[in-house]
Amino acid sequence: MNDPIRLPASDYSRLGPIGQLMSNPRVTEIMVMGGQDIYVEVDGKILLTPIRFSSEDELMTVIRYIVESVGRRVDAANPLTDARLADGSRVHIAVRPVAVDGPLLNIRKFVRGPLNMEDLVRLGSCSESAFGFLKACVLSRANIVVSGGTGSGKTTLLNVLSGYLPEDERIVTIEDAAELQLRQRHVARLEARPGGPDGKEVTIRDLVISSLRMRPDRLVVGEVRGAEALDMLQAMNTGHDGSMTTLHANKPRDALARIETLVLMSGYDLPLRAIRSQITSAINVIVHLERLRDGSRKVVQISEVTGMEEDVITMQDVFRFIRVGMDDHGRVTGRFVAAGLRPRVLDRLEELGLEIPAEILPLFHESVSTAQ
Ligand SMILES: Nc1ncnc2c1ncn2[C@@H]1O[C@H](COP(=O)(O)OP(=O)(O)OP(=O)(O)O)[C@@H](O)[C@H]1O
Ligand SMILES: [Mg+2]
């Protein structure tokens, strides 16, 4: 997207009243409303703060500072812009006239490095055995789509899943704003950029197409939300298996429908059945996340795409989060349960001569031994 602004990560002194929110580690997101209210997200919940800018002018000064530090402009002619702070925080800005009641400033804070698998298990977002299954998916080169609503934890989970990619493979990452933090050494990172006075637009689709000439073993695409869906499906179907991406959808089924829509919108006149059969052969696993009412983020469903019946894509659940109720602290309680059917990914593992991860052996043990 753009170069991070050059200021030490801990220097928030030029951010006005939001400097103190930037320094507060409990705050994960800051939402400034037209120089008036400032909301924050703490523990997954949105709270109104007593903090305010003294005027819209003061807010605009901070916004201009952020935007100009990354060499961009924001004004009535360019009312929408993205930026990233030196500490990795992601900024999105909308000013008048599109922001009707005054400038909107959103900062998704980069808190303490991404959450890892242990964090997610501790937070109750996913079980160890479900992670064992996902690890098996990555190792067996299944193509994975992480779906969920806004802020449900898709990028965080994609980052954790990317952690299972083997060290000896060439990974290419493609993102709108570089958020992923892979620990592997051999990673080629690509970031899209908007068009402007300093050059032409480079879209996610451009980068997907260009990445295929870079001999990737695995493609990790931060989010699919446009015409790149078709290129991504084709890549997944033509030797770049073991790739992953995220997608905005409210249910796993909707994820498939959304891919269909994106492909249809990409301008190719493909029959629906052809699109569905591409989807079926490209995508193996859908991991669906939700942000629940109590503010927690959970993997609520993991499903495998199993094939097509007539014109309908068929799926099979592997894991589900079953809600039980609420505890005394108002937190959602429940269990992650394995659906019991032998996941197809285990066949892929066997074909590749890889071992079934220890975490899932007990779950699918019977079906594993009867299949041998
Ligand atoms: N399992 C989790 N438990 C608690 N907090 C989480 C969890 N996953 C992610 N978060 C936090 O939630 C916020 C949003 O996470 P993330 O960016 O991964 O979501 P997203 O679905 O990719 O969002 P977007 O829709 O904006 O792309 C971040 O602050 C992240 O640290
Ligand atoms: Mg994301």
# chains A, B, ... in the order shown; residues from 1 in each chain; ligands from 1
>>> residues_around(residues="A:Gly226", least_positions_apart="4", cutoff="9 Å", atoms="only C-alpha atoms", output="MDAnalysis selection string")
chainID A and resid 204:205 230 259 262:263 265:266
>>> residues_around(residues="A:Glu290", least_positions_apart="4", cutoff="6 Å", atoms="only C-alpha atoms", output="PyMOL selection string")
chain A and resi 148+152+297-298
>>> write_last_selection(atoms="C-alpha atoms", output="PDB file, in the first residue's frame")
ATOM      1  CA  GLY A 148     -16.166 -14.687   8.409  1.00  0.00           C
ATOM      2  CA  SER A 152     -13.967 -11.798  13.029  1.00  0.00           C
ATOM      3  CA  ARG A 297     -13.996 -14.594  18.158  1.00  0.00           C
ATOM      4  CA  LYS A 298     -14.444 -18.255  17.405  1.00  0.00           C
TER       5      LYS A 298
END
>>> atom_distance(atom1="atom CA of A:Ile66", atom2="atom CA of A:Leu80")
13.2 Å
>>> atom_distance(atom1="atom 16 (P, counted along the ligand's line) of ligand 1", atom2="atom CA of A:Thr155")
4.7 Å
>>> residues_near_ligand(ligand="ligand 2", cutoff="9 Å", atoms="only C-alpha atoms and all ligand atoms", output="list in words")
Thr150, Gly151, Ser152, Gly153, Lys154, Thr155, Thr156, Leu158, Glu179, Gly222, Glu223, Thr246, Leu247 and His248 of chain A
>>> residues_around(residues="A:Gln20", least_positions_apart="3", cutoff="12 Å", atoms="only C-alpha atoms", output="list in words")
Ser10, Asp11, Tyr12, Ser13, Arg14, Leu15, Gly16, Pro17, Ser23, Asn24, Pro25, Arg26, Val27, Ile30, Val40, Thr49, Ile51 and Arg52 of chain A
>>> write_last_selection(atoms="N, CA and C atoms", output="mmCIF file, in the first residue's frame")
data_model
loop_
_atom_site.group_PDB
_atom_site.id
_atom_site.type_symbol
_atom_site.label_atom_id
_atom_site.label_comp_id
_atom_site.auth_asym_id
_atom_site.auth_seq_id
_atom_site.Cartn_x
_atom_site.Cartn_y
_atom_site.Cartn_z
ATOM 1 N N SER A 10 6.811 4.088 19.229
ATOM 2 C CA SER A 10 6.187 4.500 20.483
ATOM 3 C C SER A 10 5.879 6.000 20.520
ATOM 4 N N ASP A 11 6.212 6.750 19.458
ATOM 5 C CA ASP A 11 5.973 8.192 19.477
ATOM 6 C C ASP A 11 4.609 8.520 18.884
ATOM 7 N N TYR A 12 3.643 8.704 19.760
ATOM 8 C CA TYR A 12 2.306 9.012 19.283
ATOM 9 C C TYR A 12 1.952 10.465 19.593
ATOM 10 N N SER A 13 2.997 11.284 19.883
ATOM 11 C CA SER A 13 2.729 12.630 20.390
ATOM 12 C C SER A 13 2.028 13.523 19.360
ATOM 13 N N ARG A 14 2.185 13.182 18.076
ATOM 14 C CA ARG A 14 1.536 14.048 17.081
ATOM 15 C C ARG A 14 0.152 13.550 16.697
ATOM 16 N N LEU A 15 -0.332 12.564 17.431
ATOM 17 C CA LEU A 15 -1.667 12.039 17.121
ATOM 18 C C LEU A 15 -2.746 12.661 18.014
ATOM 19 N N GLY A 16 -2.376 13.731 18.724
ATOM 20 C CA GLY A 16 -3.367 14.450 19.531
ATOM 21 C C GLY A 16 -3.958 13.577 20.621
ATOM 22 N N PRO A 17 -5.245 13.749 20.902
ATOM 23 C CA PRO A 17 -5.856 13.027 22.018
ATOM 24 C C PRO A 17 -5.865 11.509 21.844
ATOM 25 N N SER A 23 -1.271 4.156 23.123
ATOM 26 C CA SER A 23 -0.336 3.571 24.093
ATOM 27 C C SER A 23 -1.018 2.589 25.038
ATOM 28 N N ASN A 24 -2.335 2.537 25.019
ATOM 29 C CA ASN A 24 -3.037 1.629 25.933
ATOM 30 C C ASN A 24 -3.159 0.240 25.298
ATOM 31 N N PRO A 25 -2.459 -0.748 25.855
ATOM 32 C CA PRO A 25 -2.430 -2.058 25.190
ATOM 33 C C PRO A 25 -3.779 -2.770 25.168
ATOM 34 N N ARG A 26 -4.733 -2.357 26.003
ATOM 35 C CA ARG A 26 -6.035 -3.043 26.001
ATOM 36 C C ARG A 26 -6.896 -2.601 24.814
ATOM 37 N N VAL A 27 -6.565 -1.433 24.266
ATOM 38 C CA VAL A 27 -7.356 -0.914 23.144
ATOM 39 C C VAL A 27 -6.867 -1.561 21.849
ATOM 40 N N ILE A 30 -9.446 1.931 17.304
ATOM 41 C CA ILE A 30 -9.866 3.290 17.654
ATOM 42 C C ILE A 30 -10.733 3.808 16.510
ATOM 43 N N VAL A 40 -13.703 2.968 21.186
ATOM 44 C CA VAL A 40 -12.578 2.048 21.125
ATOM 45 C C VAL A 40 -13.114 0.628 21.244
ATOM 46 N N THR A 49 -15.499 6.460 24.557
ATOM 47 C CA THR A 49 -14.530 7.046 25.507
ATOM 48 C C THR A 49 -14.952 8.496 25.812
ATOM 49 N N ILE A 51 -12.863 10.794 25.601
ATOM 50 C CA ILE A 51 -11.846 11.595 24.906
ATOM 51 C C ILE A 51 -12.439 12.244 23.651
ATOM 52 N N ARG A 52 -12.004 13.479 23.371
ATOM 53 C CA ARG A 52 -12.483 14.168 22.163
ATOM 54 C C ARG A 52 -11.385 15.024 21.548
#
>>> decode(residues="stretch 224-282 of chain A", atoms="C-alpha atoms", output="CSV table (one decimal), in the first residue's frame")
chain,number,residue,atom,x,y,z
A,224,VAL,CA,-10.3,-12.1,-2.1
A,225,ARG,CA,-13.0,-9.6,-2.8
A,226,GLY,CA,-12.9,-8.9,-6.5
A,227,ALA,CA,-12.1,-10.3,-9.9
A,228,GLU,CA,-9.0,-12.0,-8.5
A,229,ALA,CA,-11.4,-14.8,-7.3
A,230,LEU,CA,-11.3,-16.4,-10.7
A,231,ASP,CA,-7.5,-16.2,-11.0
A,232,MET,CA,-7.1,-17.6,-7.5
A,233,LEU,CA,-9.4,-20.6,-8.4
A,234,GLN,CA,-7.5,-21.2,-11.5
A,235,ALA,CA,-4.2,-21.0,-9.6
A,236,MET,CA,-5.5,-23.5,-7.0
A,237,ASN,CA,-6.6,-25.8,-9.8
A,238,THR,CA,-3.3,-25.7,-11.7
A,239,GLY,CA,-0.6,-26.8,-9.5
A,240,HIS,CA,-0.6,-24.1,-6.8
A,241,ASP,CA,-2.5,-26.3,-4.4
A,242,GLY,CA,-2.0,-25.7,-0.8
A,243,SER,CA,-2.9,-22.1,-1.2
A,244,MET,CA,-5.1,-20.0,1.2
A,245,THR,CA,-7.1,-16.9,1.4
A,246,THR,CA,-9.8,-15.2,3.4
A,247,LEU,CA,-13.2,-14.0,2.3
A,248,HIS,CA,-16.0,-12.0,3.7
A,249,ALA,CA,-19.1,-14.1,4.3
A,250,ASN,CA,-21.6,-14.7,7.1
A,251,LYS,CA,-21.8,-18.5,6.7
A,252,PRO,CA,-19.6,-21.2,5.1
A,253,ARG,CA,-22.3,-21.7,2.4
A,254,ASP,CA,-22.4,-18.0,1.8
A,255,ALA,CA,-18.6,-18.2,1.2
A,256,LEU,CA,-19.1,-20.4,-1.8
A,257,ALA,CA,-22.0,-18.2,-3.1
A,258,ARG,CA,-19.8,-15.2,-2.7
A,259,ILE,CA,-16.9,-16.7,-4.7
A,260,GLU,CA,-19.5,-17.5,-7.4
A,261,THR,CA,-20.6,-13.8,-7.4
A,262,LEU,CA,-17.1,-12.5,-7.5
A,263,VAL,CA,-16.3,-14.8,-10.5
A,264,LEU,CA,-19.5,-13.7,-12.3
A,265,MET,CA,-18.5,-10.1,-11.6
A,266,SER,CA,-15.1,-10.6,-13.1
A,267,GLY,CA,-16.5,-10.1,-16.6
A,268,TYR,CA,-16.0,-13.6,-18.0
A,269,ASP,CA,-19.1,-15.2,-19.4
A,270,LEU,CA,-18.9,-18.6,-17.7
A,271,PRO,CA,-21.9,-20.8,-17.1
A,272,LEU,CA,-22.8,-21.2,-13.4
A,273,ARG,CA,-22.2,-24.9,-13.5
A,274,ALA,CA,-18.7,-24.4,-14.8
A,275,ILE,CA,-17.9,-21.9,-12.1
A,276,ARG,CA,-19.3,-24.3,-9.5
A,277,SER,CA,-17.2,-27.1,-10.7
A,278,GLN,CA,-14.1,-24.9,-10.7
A,279,ILE,CA,-14.9,-24.0,-7.1
A,280,THR,CA,-15.5,-27.6,-6.1
A,281,SER,CA,-12.2,-28.8,-7.5
A,282,ALA,CA,-10.3,-25.8,-6.2
